[in-house]
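Chemist: upload_9.cif (mmCIF, N, CA and C atoms) pasted underneath:
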data_structure
#
loop_
_atom_site.label_atom_id
_atom_site.label_comp_id
_atom_site.auth_asym_id
_atom_site.auth_seq_id
_atom_site.Cartn_x
_atom_site.Cartn_y
_atom_site.Cartn_z
N MET Y 1 -11.20 34.11 -36.02
CA MET Y 1 -11.42 34.17 -34.59
C MET Y 1 -10.25 34.90 -33.93
N ASN Y 2 -10.55 35.72 -32.98
CA ASN Y 2 -9.54 36.50 -32.27
C ASN Y 2 -8.71 35.57 -31.39
N SER Y 3 -7.42 35.84 -31.30
CA SER Y 3 -6.54 34.97 -30.50
C SER Y 3 -6.87 35.05 -29.01
N LYS Y 4 -7.42 36.18 -28.58
CA LYS Y 4 -7.81 36.31 -27.17
C LYS Y 4 -8.94 35.33 -26.84
N TYR Y 5 -9.90 35.20 -27.71
CA TYR Y 5 -11.00 34.27 -27.48
C TYR Y 5 -10.54 32.82 -27.58
N LEU Y 6 -9.55 32.57 -28.43
CA LEU Y 6 -9.01 31.23 -28.54
C LEU Y 6 -8.31 30.83 -27.25
N ILE Y 7 -7.54 31.74 -26.67
CA ILE Y 7 -6.85 31.46 -25.41
C ILE Y 7 -7.85 31.22 -24.30
N VAL Y 8 -8.89 32.03 -24.22
CA VAL Y 8 -9.92 31.85 -23.19
C VAL Y 8 -10.64 30.52 -23.40
N SER Y 9 -10.91 30.17 -24.66
CA SER Y 9 -11.59 28.90 -24.94
C SER Y 9 -10.73 27.71 -24.55
N VAL Y 10 -9.44 27.78 -24.85
CA VAL Y 10 -8.53 26.69 -24.47
C VAL Y 10 -8.43 26.60 -22.96
N PHE Y 11 -8.38 27.72 -22.27
CA PHE Y 11 -8.31 27.71 -20.81
C PHE Y 11 -9.56 27.10 -20.20
N ILE Y 12 -10.72 27.47 -20.69
CA ILE Y 12 -11.97 26.90 -20.17
C ILE Y 12 -12.03 25.40 -20.45
N PHE Y 13 -11.61 24.99 -21.64
CA PHE Y 13 -11.57 23.56 -21.97
C PHE Y 13 -10.62 22.83 -21.03
N TYR Y 14 -9.47 23.44 -20.75
CA TYR Y 14 -8.49 22.84 -19.84
C TYR Y 14 -9.07 22.69 -18.43
N ILE Y 15 -9.74 23.70 -17.94
CA ILE Y 15 -10.36 23.63 -16.60
C ILE Y 15 -11.39 22.51 -16.55
N ILE Y 16 -12.24 22.43 -17.55
CA ILE Y 16 -13.28 21.39 -17.58
C ILE Y 16 -12.64 20.01 -17.67
N LEU Y 17 -11.65 19.84 -18.52
CA LEU Y 17 -11.01 18.54 -18.69
C LEU Y 17 -10.31 18.07 -17.41
N VAL Y 18 -9.50 18.93 -16.82
CA VAL Y 18 -8.77 18.55 -15.62
C VAL Y 18 -9.72 18.32 -14.45
N SER Y 19 -10.74 19.15 -14.32
CA SER Y 19 -11.73 18.95 -13.25
C SER Y 19 -12.48 17.64 -13.43
N TRP Y 20 -12.80 17.30 -14.65
CA TRP Y 20 -13.50 16.05 -14.92
C TRP Y 20 -12.61 14.85 -14.59
N ILE Y 21 -11.32 14.95 -14.93
CA ILE Y 21 -10.40 13.86 -14.65
C ILE Y 21 -10.23 13.65 -13.14
N HIS Y 22 -10.16 14.75 -12.39
CA HIS Y 22 -9.89 14.66 -10.95
C HIS Y 22 -11.14 14.67 -10.08
N PHE Y 23 -12.31 14.75 -10.67
CA PHE Y 23 -13.53 14.90 -9.89
C PHE Y 23 -13.77 13.75 -8.92
N ASP Y 24 -13.53 12.53 -9.36
CA ASP Y 24 -13.81 11.39 -8.49
C ASP Y 24 -12.71 11.15 -7.45
N ARG Y 25 -11.61 11.90 -7.51
CA ARG Y 25 -10.50 11.70 -6.58
C ARG Y 25 -10.36 12.78 -5.52
N PHE Y 26 -11.25 13.74 -5.48
CA PHE Y 26 -11.10 14.84 -4.54
C PHE Y 26 -11.21 14.39 -3.09
N ASP Y 27 -11.97 13.37 -2.80
CA ASP Y 27 -12.15 12.91 -1.43
C ASP Y 27 -11.19 11.80 -1.04
N GLU Y 28 -10.27 11.45 -1.92
CA GLU Y 28 -9.33 10.37 -1.63
C GLU Y 28 -8.02 10.91 -1.09
N PHE Y 29 -7.33 10.08 -0.36
CA PHE Y 29 -6.01 10.43 0.12
C PHE Y 29 -5.01 10.33 -1.02
N PRO Y 30 -3.82 10.91 -0.87
CA PRO Y 30 -2.84 10.88 -1.96
C PRO Y 30 -2.54 9.46 -2.42
N GLN Y 31 -2.42 9.33 -3.74
CA GLN Y 31 -2.14 8.03 -4.33
C GLN Y 31 -1.61 8.23 -5.74
N ARG Y 32 -1.29 7.16 -6.39
CA ARG Y 32 -0.81 7.11 -7.76
C ARG Y 32 0.52 7.86 -7.93
N THR Y 33 0.60 8.72 -8.91
CA THR Y 33 1.85 9.37 -9.27
C THR Y 33 2.35 10.27 -8.14
N HIS Y 34 3.57 10.05 -7.73
CA HIS Y 34 4.22 10.83 -6.69
C HIS Y 34 3.42 10.86 -5.39
N ALA Y 35 2.90 9.74 -5.00
CA ALA Y 35 2.11 9.66 -3.76
C ALA Y 35 2.96 10.02 -2.55
N TRP Y 36 4.23 9.70 -2.58
CA TRP Y 36 5.11 10.02 -1.45
C TRP Y 36 5.22 11.52 -1.27
N ALA Y 37 5.35 12.28 -2.37
CA ALA Y 37 5.47 13.73 -2.27
C ALA Y 37 4.15 14.35 -1.82
N GLN Y 38 3.04 13.84 -2.35
CA GLN Y 38 1.73 14.33 -1.93
C GLN Y 38 1.50 14.06 -0.45
N SER Y 39 1.91 12.89 0.00
CA SER Y 39 1.73 12.56 1.42
C SER Y 39 2.60 13.43 2.31
N ASP Y 40 3.82 13.71 1.87
CA ASP Y 40 4.71 14.59 2.65
C ASP Y 40 4.13 15.99 2.76
N ARG Y 41 3.61 16.51 1.67
CA ARG Y 41 3.03 17.86 1.70
C ARG Y 41 1.75 17.88 2.55
N TYR Y 42 0.97 16.83 2.46
CA TYR Y 42 -0.24 16.73 3.29
C TYR Y 42 0.13 16.65 4.77
N ALA Y 43 1.19 15.92 5.09
CA ALA Y 43 1.65 15.84 6.48
C ALA Y 43 2.15 17.19 6.98
N LEU Y 44 2.78 17.98 6.11
CA LEU Y 44 3.20 19.32 6.50
C LEU Y 44 2.00 20.21 6.81
N VAL Y 45 0.94 20.09 5.99
CA VAL Y 45 -0.29 20.87 6.24
C VAL Y 45 -0.85 20.52 7.62
N LEU Y 46 -0.95 19.23 7.89
CA LEU Y 46 -1.48 18.81 9.20
C LEU Y 46 -0.53 19.19 10.32
N GLY Y 47 0.78 19.19 10.04
CA GLY Y 47 1.76 19.60 11.04
C GLY Y 47 1.63 21.06 11.40
N PHE Y 48 1.36 21.92 10.42
CA PHE Y 48 1.15 23.35 10.72
C PHE Y 48 -0.09 23.55 11.58
N MET Y 49 -1.09 22.73 11.35
CA MET Y 49 -2.31 22.85 12.16
C MET Y 49 -2.05 22.36 13.59
N ASP Y 50 -1.16 21.37 13.74
CA ASP Y 50 -0.87 20.83 15.07
C ASP Y 50 0.06 21.73 15.88
N ASN Y 51 1.00 22.42 15.21
CA ASN Y 51 1.97 23.20 15.96
C ASN Y 51 1.59 24.67 16.10
N GLY Y 52 0.36 25.01 15.85
CA GLY Y 52 -0.09 26.38 16.05
C GLY Y 52 0.41 27.34 14.97
N PHE Y 53 0.57 26.85 13.75
CA PHE Y 53 0.98 27.66 12.60
C PHE Y 53 2.35 28.31 12.80
N ASP Y 54 3.29 27.55 13.36
CA ASP Y 54 4.67 28.02 13.51
C ASP Y 54 5.39 27.78 12.18
N PHE Y 55 5.51 28.84 11.39
CA PHE Y 55 6.04 28.73 10.03
C PHE Y 55 7.49 28.27 10.01
N PHE Y 56 8.28 28.67 10.99
CA PHE Y 56 9.70 28.38 10.97
C PHE Y 56 10.06 27.02 11.57
N HIS Y 57 9.08 26.27 12.03
CA HIS Y 57 9.31 24.92 12.54
C HIS Y 57 8.29 23.96 11.95
N PRO Y 58 8.37 23.68 10.65
CA PRO Y 58 7.41 22.74 10.07
C PRO Y 58 7.62 21.35 10.65
N GLN Y 59 6.54 20.66 10.87
CA GLN Y 59 6.65 19.33 11.44
C GLN Y 59 5.82 18.35 10.63
N THR Y 60 6.15 17.09 10.81
CA THR Y 60 5.48 16.02 10.10
C THR Y 60 5.20 14.90 11.10
N TYR Y 61 4.79 13.76 10.64
CA TYR Y 61 4.47 12.66 11.55
C TYR Y 61 5.59 11.65 11.71
N VAL Y 62 6.73 11.89 11.10
CA VAL Y 62 7.88 11.02 11.27
C VAL Y 62 8.52 11.35 12.61
N MET Y 63 8.70 10.36 13.44
CA MET Y 63 9.23 10.60 14.79
C MET Y 63 10.71 10.25 14.91
N ASN Y 64 11.47 10.43 13.86
CA ASN Y 64 12.90 10.15 13.89
C ASN Y 64 13.69 11.41 13.62
N LYS Y 65 14.89 11.45 14.15
CA LYS Y 65 15.80 12.56 13.86
C LYS Y 65 16.28 12.44 12.43
N GLN Y 66 16.58 13.57 11.83
CA GLN Y 66 17.09 13.53 10.48
C GLN Y 66 18.61 13.56 10.46
N PHE Y 67 19.20 14.46 11.19
CA PHE Y 67 20.64 14.60 11.22
C PHE Y 67 21.10 14.64 12.66
N PRO Y 68 22.15 14.08 13.08
CA PRO Y 68 23.13 13.27 12.37
C PRO Y 68 22.83 11.78 12.43
N ASP Y 69 21.77 11.39 13.12
CA ASP Y 69 21.46 9.96 13.23
C ASP Y 69 21.01 9.39 11.89
N ASN Y 70 20.91 8.08 11.86
CA ASN Y 70 20.53 7.41 10.62
C ASN Y 70 19.16 6.75 10.76
N PHE Y 71 18.23 7.43 11.37
CA PHE Y 71 16.85 6.98 11.52
C PHE Y 71 16.72 5.72 12.37
N THR Y 72 17.67 5.48 13.25
CA THR Y 72 17.57 4.28 14.10
C THR Y 72 17.08 4.61 15.49
N ARG Y 73 17.29 5.83 15.95
CA ARG Y 73 16.86 6.21 17.29
C ARG Y 73 15.65 7.13 17.21
N PRO Y 74 14.53 6.74 17.81
CA PRO Y 74 13.34 7.60 17.76
C PRO Y 74 13.53 8.86 18.60
N SER Y 75 12.78 9.90 18.22
CA SER Y 75 12.86 11.18 18.91
C SER Y 75 11.46 11.74 19.06
N ASP Y 76 11.26 12.56 20.09
CA ASP Y 76 9.95 13.20 20.26
C ASP Y 76 9.80 14.43 19.39
N ASN Y 77 10.86 14.88 18.76
CA ASN Y 77 10.83 16.07 17.94
C ASN Y 77 10.34 15.72 16.53
N ARG Y 78 9.28 16.37 16.09
CA ARG Y 78 8.73 16.10 14.76
C ARG Y 78 9.08 17.21 13.77
N ILE Y 79 9.91 18.16 14.15
CA ILE Y 79 10.31 19.23 13.24
C ILE Y 79 11.18 18.64 12.15
N THR Y 80 10.94 19.06 10.91
CA THR Y 80 11.62 18.47 9.78
C THR Y 80 12.18 19.54 8.85
N ALA Y 81 13.09 19.15 8.00
CA ALA Y 81 13.59 20.04 6.95
C ALA Y 81 12.63 19.97 5.77
N SER Y 82 12.41 21.11 5.14
CA SER Y 82 11.45 21.16 4.06
C SER Y 82 11.82 22.28 3.10
N ASP Y 83 11.29 22.20 1.88
CA ASP Y 83 11.38 23.35 0.98
C ASP Y 83 10.57 24.48 1.58
N PHE Y 84 10.65 25.65 1.00
CA PHE Y 84 9.90 26.80 1.51
C PHE Y 84 8.41 26.45 1.52
N PRO Y 85 7.81 26.20 2.71
CA PRO Y 85 6.47 25.61 2.77
C PRO Y 85 5.33 26.62 2.79
N ILE Y 86 5.41 27.68 1.99
CA ILE Y 86 4.38 28.71 2.03
C ILE Y 86 3.04 28.18 1.53
N ILE Y 87 3.04 27.33 0.53
CA ILE Y 87 1.77 26.81 0.01
C ILE Y 87 1.10 25.93 1.04
N GLU Y 88 1.86 25.07 1.71
CA GLU Y 88 1.29 24.22 2.74
C GLU Y 88 0.76 25.06 3.91
N TYR Y 89 1.47 26.14 4.21
CA TYR Y 89 1.04 27.04 5.28
C TYR Y 89 -0.28 27.72 4.90
N ILE Y 90 -0.40 28.14 3.66
CA ILE Y 90 -1.65 28.78 3.18
C ILE Y 90 -2.80 27.78 3.20
N ILE Y 91 -2.53 26.55 2.78
CA ILE Y 91 -3.58 25.52 2.79
C ILE Y 91 -4.04 25.26 4.23
N ALA Y 92 -3.11 25.19 5.16
CA ALA Y 92 -3.48 24.99 6.57
C ALA Y 92 -4.31 26.16 7.07
N GLY Y 93 -3.96 27.38 6.65
CA GLY Y 93 -4.76 28.55 7.03
C GLY Y 93 -6.16 28.50 6.46
N ILE Y 94 -6.29 28.05 5.21
CA ILE Y 94 -7.62 27.93 4.59
C ILE Y 94 -8.45 26.89 5.34
N ILE Y 95 -7.83 25.78 5.68
CA ILE Y 95 -8.55 24.74 6.43
C ILE Y 95 -8.99 25.27 7.79
N ASP Y 96 -8.11 26.03 8.45
CA ASP Y 96 -8.46 26.58 9.75
C ASP Y 96 -9.58 27.61 9.64
N LEU Y 97 -9.55 28.43 8.60
CA LEU Y 97 -10.60 29.45 8.41
C LEU Y 97 -11.95 28.83 8.10
N THR Y 98 -11.96 27.75 7.32
CA THR Y 98 -13.22 27.11 6.96
C THR Y 98 -13.70 26.13 8.03
N GLY Y 99 -12.86 25.85 9.00
CA GLY Y 99 -13.26 24.94 10.08
C GLY Y 99 -13.32 23.49 9.64
N GLY Y 100 -12.72 23.18 8.50
CA GLY Y 100 -12.75 21.81 7.99
C GLY Y 100 -11.69 20.96 8.63
N SER Y 101 -12.09 19.94 9.32
CA SER Y 101 -11.11 19.04 9.92
C SER Y 101 -11.29 17.61 9.43
N THR Y 102 -12.39 17.34 8.74
CA THR Y 102 -12.63 15.97 8.29
C THR Y 102 -12.15 15.72 6.88
N HIS Y 103 -12.28 16.69 6.00
CA HIS Y 103 -11.88 16.51 4.60
C HIS Y 103 -10.75 17.46 4.24
N THR Y 104 -9.68 17.44 5.03
CA THR Y 104 -8.58 18.35 4.77
C THR Y 104 -7.88 18.03 3.46
N HIS Y 105 -7.87 16.76 3.05
CA HIS Y 105 -7.24 16.41 1.78
C HIS Y 105 -8.00 17.00 0.60
N THR Y 106 -9.31 17.23 0.75
CA THR Y 106 -10.08 17.87 -0.31
C THR Y 106 -9.63 19.31 -0.49
N HIS Y 107 -9.38 20.01 0.60
CA HIS Y 107 -8.85 21.37 0.52
C HIS Y 107 -7.49 21.38 -0.17
N THR Y 108 -6.67 20.40 0.16
CA THR Y 108 -5.35 20.32 -0.43
C THR Y 108 -5.43 20.08 -1.93
N HIS Y 109 -6.25 19.14 -2.35
CA HIS Y 109 -6.43 18.87 -3.79
C HIS Y 109 -6.95 20.11 -4.52
N THR Y 110 -7.94 20.75 -3.95
CA THR Y 110 -8.54 21.92 -4.59
C THR Y 110 -7.53 23.06 -4.73
N THR Y 111 -6.74 23.30 -3.70
CA THR Y 111 -5.75 24.37 -3.76
C THR Y 111 -4.68 24.08 -4.80
N TRP Y 112 -4.18 22.87 -4.85
CA TRP Y 112 -3.17 22.54 -5.85
C TRP Y 112 -3.74 22.60 -7.26
N LEU Y 113 -4.99 22.21 -7.44
CA LEU Y 113 -5.63 22.31 -8.75
C LEU Y 113 -5.80 23.77 -9.16
N PHE Y 114 -6.19 24.62 -8.21
CA PHE Y 114 -6.32 26.05 -8.49
C PHE Y 114 -4.96 26.65 -8.86
N LEU Y 115 -3.91 26.28 -8.17
CA LEU Y 115 -2.58 26.79 -8.50
C LEU Y 115 -2.13 26.31 -9.88
N GLY Y 116 -2.53 25.12 -10.27
CA GLY Y 116 -2.23 24.64 -11.62
C GLY Y 116 -2.95 25.47 -12.67
N PHE Y 117 -4.22 25.80 -12.41
CA PHE Y 117 -4.97 26.66 -13.33
C PHE Y 117 -4.34 28.05 -13.41
N LEU Y 118 -3.93 28.56 -12.27
CA LEU Y 118 -3.32 29.90 -12.23
C LEU Y 118 -1.99 29.91 -13.00
N SER Y 119 -1.21 28.87 -12.84
CA SER Y 119 0.06 28.81 -13.58
C SER Y 119 -0.19 28.67 -15.08
N PHE Y 120 -1.25 27.98 -15.46
CA PHE Y 120 -1.61 27.88 -16.88
C PHE Y 120 -1.97 29.26 -17.45
N CYS Y 121 -2.61 30.09 -16.65
CA CYS Y 121 -2.95 31.45 -17.09
C CYS Y 121 -1.69 32.25 -17.40
N PHE Y 122 -0.63 32.06 -16.61
CA PHE Y 122 0.60 32.79 -16.85
C PHE Y 122 1.34 32.29 -18.08
N LEU Y 123 1.05 31.07 -18.50
CA LEU Y 123 1.67 30.56 -19.72
C LEU Y 123 1.03 31.15 -20.97
N CYS Y 124 -0.23 31.49 -20.86
CA CYS Y 124 -0.95 31.99 -22.03
C CYS Y 124 -0.73 33.44 -22.31
#
For this file, write the structure as structure tokens.
Modeler:
Amino acid sequence: MNSKYLIVSVFIFYIILVSWIHFDRFDEFPQRTHAWAQSDRYALVLGFMDNGFDFFHPQTYVMNKQFPDNFTRPSDNRITASDFPIIEYIIAGIIDLTGGSTHTHTHTHTTWLFLGFLSFCFLC
């Protein structure tokens, strides 16, 4: 068997396996492993939709200052520090283009799963 066909077969098997594992969780909110990170990224997606897609001021739903206070005084500013949020910005754009406002977490799950498949392609 040619190694090219073996790689394609393994990739297709990987897509089917991962999709089958995650199929029942696409409509659920973040949970299980690293739920805090998934929730933070989901909040950034919703924050981009709320602030008019201002890439340089990502916001979340935490209403406390980050620096220099110690989270004891509330603030009206929801802008937060974040890693380079290009993926969350793209997901917010996809949600805005499709007009989906009820199942935004499904878009988020699908995009992250697609990026996992794409990264697997670069490994092969």
Chemist: Suppose a student applies the PyMOL selection byres ((chain Y and resi 80) around 5) to this structure; what residues should they get, written as a PDB file with N, CA and C atoms, keeping the file's coordinate frame?
Modeler:
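Final output, result25.pdb:
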ATOM      1  N   PRO Y  58       8.370  23.680  10.650  1.00  0.00           N
ATOM      2  CA  PRO Y  58       7.410  22.740  10.070  1.00  0.00           C
ATOM      3  C   PRO Y  58       7.620  21.350  10.650  1.00  0.00           C
ATOM      4  N   GLN Y  59       6.540  20.660  10.870  1.00  0.00           N
ATOM      5  CA  GLN Y  59       6.650  19.330  11.440  1.00  0.00           C
ATOM      6  C   GLN Y  59       5.820  18.350  10.630  1.00  0.00           C
ATOM      7  N   ARG Y  78       9.280  16.370  16.090  1.00  0.00           N
ATOM      8  CA  ARG Y  78       8.730  16.100  14.760  1.00  0.00           C
ATOM      9  C   ARG Y  78       9.080  17.210  13.770  1.00  0.00           C
ATOM     10  N   ILE Y  79       9.910  18.160  14.150  1.00  0.00           N
ATOM     11  CA  ILE Y  79      10.310  19.230  13.240  1.00  0.00           C
ATOM     12  C   ILE Y  79      11.180  18.640  12.150  1.00  0.00           C
ATOM     13  N   ALA Y  81      13.090  19.150   8.000  1.00  0.00           N
ATOM     14  CA  ALA Y  81      13.590  20.040   6.950  1.00  0.00           C
ATOM     15  C   ALA Y  81      12.630  19.970   5.770  1.00  0.00           C
ATOM     16  N   SER Y  82      12.410  21.110   5.140  1.00  0.00           N
ATOM     17  CA  SER Y  82      11.450  21.160   4.060  1.00  0.00           C
ATOM     18  C   SER Y  82      11.820  22.280   3.100  1.00  0.00           C
TER      19      SER Y  82
END
Chemist: How many Å lie between atom N of Tyr42 in chain Y and atom N of Ile95 in chain Y, rounded to one decimal?
Modeler: 13.0 Å
Chemist: Take the PyMOL selection byres (((chain Y and resi 60 and name CA) around 6) and name CA), run it mentally on this structure, and tell me the resulting residues as JSON, numbers by chain.
Modeler: {"Y": [43, 44, 47, 59, 61, 62, 78]}
Chemist: In Å to one decimal, how far is CA of Ser19 in chain Y from CA of Tyr89 in chain Y?
Modeler: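 That distance, rounded to one decimal, is 23.9 Å.
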Chemist: Record the distance separating atom N of Phe11 in chain Y and atom N of His109 in chain Y, expressed in Å with one decimal.
Modeler: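 Calculated distance between atom N of Phe11 in chain Y and atom N of His109 in chain Y is 21.8 Å.
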Chemist: So, counting all atoms listed in the file, which residue among Y:Asp83, Y:Met49, Y:Ile91, Y:Asp24 is closest to Thr111 in chain Y?
Modeler: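 Using all atoms listed in the file, the shortest distance to Thr111 in chain Y belongs to Y:Ile91.
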Chemist: My list of candidates is Y:Val45, Y:Phe122, Y:Trp20, Y:Tyr5. Which is closest to Ile90 in chain Y when distances are computed with only N, CA and C atoms?
Modeler: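 Answer, going by the shortest atom-to-atom distance: Y:Val45.
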Chemist: Could you check which of Y:Ile21, Y:Ile94, Y:Cys121, Y:Leu46 is closest to Ser9 in chain Y, using only C-alpha atoms?
Modeler: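 Using only C-alpha atoms, the shortest distance to Ser9 in chain Y belongs to Y:Cys121.
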Chemist: Check the smallest atom-to-atom distance from each of Y:Val8, Y:Ala37, Y:Ile87, Y:Leu17 to Thr108 in chain Y using only C-alpha atoms, then report the winner.
Modeler: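 Using only C-alpha atoms, Thr108 in chain Y sits closest to Y:Ile87.
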Chemist: How would range 1-10 of chain Y read, as a PDB file, keeping the file's coordinate frame, once all heavy atoms are built in?
Modeler:
ATOM      1  N   MET Y   1     -11.200  34.110 -36.020  1.00  0.00           N
ATOM      2  CA  MET Y   1     -11.420  34.170 -34.590  1.00  0.00           C
ATOM      3  C   MET Y   1     -10.250  34.900 -33.930  1.00  0.00           C
ATOM      4  O   MET Y   1      -9.097  34.665 -34.273  1.00  0.00           O
ATOM      5  CB  MET Y   1     -11.574  32.755 -34.033  1.00  0.00           C
ATOM      6  CG  MET Y   1     -11.834  32.702 -32.558  1.00  0.00           C
ATOM      7  SD  MET Y   1     -12.040  31.005 -32.002  1.00  0.00           S
ATOM      8  CE  MET Y   1     -13.501  31.188 -31.054  1.00  0.00           C
ATOM      9  N   ASN Y   2     -10.550  35.720 -32.980  1.00  0.00           N
ATOM     10  CA  ASN Y   2      -9.540  36.500 -32.270  1.00  0.00           C
ATOM     11  C   ASN Y   2      -8.710  35.570 -31.390  1.00  0.00           C
ATOM     12  O   ASN Y   2      -9.214  34.622 -30.802  1.00  0.00           O
ATOM     13  CB  ASN Y   2     -10.230  37.567 -31.436  1.00  0.00           C
ATOM     14  CG  ASN Y   2      -9.273  38.603 -30.918  1.00  0.00           C
ATOM     15  OD1 ASN Y   2      -8.061  38.456 -31.060  1.00  0.00           O
ATOM     16  ND2 ASN Y   2      -9.811  39.631 -30.324  1.00  0.00           N
ATOM     17  N   SER Y   3      -7.420  35.840 -31.300  1.00  0.00           N
ATOM     18  CA  SER Y   3      -6.540  34.970 -30.500  1.00  0.00           C
ATOM     19  C   SER Y   3      -6.870  35.050 -29.010  1.00  0.00           C
ATOM     20  O   SER Y   3      -6.659  34.086 -28.274  1.00  0.00           O
ATOM     21  CB  SER Y   3      -5.078  35.346 -30.737  1.00  0.00           C
ATOM     22  OG  SER Y   3      -4.824  36.648 -30.265  1.00  0.00           O
ATOM     23  N   LYS Y   4      -7.420  36.180 -28.580  1.00  0.00           N
ATOM     24  CA  LYS Y   4      -7.810  36.310 -27.170  1.00  0.00           C
ATOM     25  C   LYS Y   4      -8.940  35.330 -26.840  1.00  0.00           C
ATOM     26  O   LYS Y   4      -8.906  34.672 -25.802  1.00  0.00           O
ATOM     27  CB  LYS Y   4      -8.249  37.739 -26.897  1.00  0.00           C
ATOM     28  CG  LYS Y   4      -8.636  38.009 -25.478  1.00  0.00           C
ATOM     29  CD  LYS Y   4      -9.024  39.462 -25.306  1.00  0.00           C
ATOM     30  CE  LYS Y   4      -9.472  39.754 -23.895  1.00  0.00           C
ATOM     31  NZ  LYS Y   4      -9.860  41.153 -23.724  1.00  0.00           N
ATOM     32  N   TYR Y   5      -9.900  35.200 -27.710  1.00  0.00           N
ATOM     33  CA  TYR Y   5     -11.000  34.270 -27.480  1.00  0.00           C
ATOM     34  C   TYR Y   5     -10.540  32.820 -27.580  1.00  0.00           C
ATOM     35  O   TYR Y   5     -11.056  31.945 -26.893  1.00  0.00           O
ATOM     36  CB  TYR Y   5     -12.140  34.528 -28.468  1.00  0.00           C
ATOM     37  CG  TYR Y   5     -12.807  35.857 -28.251  1.00  0.00           C
ATOM     38  CD1 TYR Y   5     -12.755  36.845 -29.222  1.00  0.00           C
ATOM     39  CD2 TYR Y   5     -13.466  36.124 -27.055  1.00  0.00           C
ATOM     40  CE1 TYR Y   5     -13.357  38.069 -29.017  1.00  0.00           C
ATOM     41  CE2 TYR Y   5     -14.070  37.342 -26.833  1.00  0.00           C
ATOM     42  CZ  TYR Y   5     -14.018  38.316 -27.822  1.00  0.00           C
ATOM     43  OH  TYR Y   5     -14.606  39.526 -27.603  1.00  0.00           O
ATOM     44  N   LEU Y   6      -9.550  32.570 -28.430  1.00  0.00           N
ATOM     45  CA  LEU Y   6      -9.010  31.230 -28.540  1.00  0.00           C
ATOM     46  C   LEU Y   6      -8.310  30.830 -27.250  1.00  0.00           C
ATOM     47  O   LEU Y   6      -8.487  29.710 -26.753  1.00  0.00           O
ATOM     48  CB  LEU Y   6      -8.035  31.156 -29.720  1.00  0.00           C
ATOM     49  CG  LEU Y   6      -7.380  29.799 -29.950  1.00  0.00           C
ATOM     50  CD1 LEU Y   6      -8.430  28.766 -30.308  1.00  0.00           C
ATOM     51  CD2 LEU Y   6      -6.330  29.914 -31.024  1.00  0.00           C
ATOM     52  N   ILE Y   7      -7.540  31.740 -26.670  1.00  0.00           N
ATOM     53  CA  ILE Y   7      -6.850  31.460 -25.410  1.00  0.00           C
ATOM     54  C   ILE Y   7      -7.850  31.220 -24.300  1.00  0.00           C
ATOM     55  O   ILE Y   7      -7.707  30.273 -23.507  1.00  0.00           O
ATOM     56  CB  ILE Y   7      -5.885  32.606 -25.065  1.00  0.00           C
ATOM     57  CG1 ILE Y   7      -4.721  32.608 -26.049  1.00  0.00           C
ATOM     58  CG2 ILE Y   7      -5.366  32.470 -23.635  1.00  0.00           C
ATOM     59  CD1 ILE Y   7      -3.813  33.806 -25.917  1.00  0.00           C
ATOM     60  N   VAL Y   8      -8.890  32.030 -24.220  1.00  0.00           N
ATOM     61  CA  VAL Y   8      -9.920  31.850 -23.190  1.00  0.00           C
ATOM     62  C   VAL Y   8     -10.640  30.520 -23.400  1.00  0.00           C
ATOM     63  O   VAL Y   8     -10.917  29.794 -22.434  1.00  0.00           O
ATOM     64  CB  VAL Y   8     -10.903  33.037 -23.195  1.00  0.00           C
ATOM     65  CG1 VAL Y   8     -12.100  32.751 -22.316  1.00  0.00           C
ATOM     66  CG2 VAL Y   8     -10.209  34.316 -22.766  1.00  0.00           C
ATOM     67  N   SER Y   9     -10.910  30.170 -24.660  1.00  0.00           N
ATOM     68  CA  SER Y   9     -11.590  28.900 -24.940  1.00  0.00           C
ATOM     69  C   SER Y   9     -10.730  27.710 -24.550  1.00  0.00           C
ATOM     70  O   SER Y   9     -11.221  26.736 -23.962  1.00  0.00           O
ATOM     71  CB  SER Y   9     -11.943  28.806 -26.424  1.00  0.00           C
ATOM     72  OG  SER Y   9     -12.793  29.842 -26.801  1.00  0.00           O
ATOM     73  N   VAL Y  10      -9.440  27.780 -24.850  1.00  0.00           N
ATOM     74  CA  VAL Y  10      -8.530  26.690 -24.470  1.00  0.00           C
ATOM     75  C   VAL Y  10      -8.430  26.600 -22.960  1.00  0.00           C
ATOM     76  O   VAL Y  10      -8.427  25.494 -22.395  1.00  0.00           O
ATOM     77  CB  VAL Y  10      -7.133  26.916 -25.116  1.00  0.00           C
ATOM     78  CG1 VAL Y  10      -6.101  25.982 -24.512  1.00  0.00           C
ATOM     79  CG2 VAL Y  10      -7.210  26.741 -26.615  1.00  0.00           C
TER      80      VAL Y  10
END
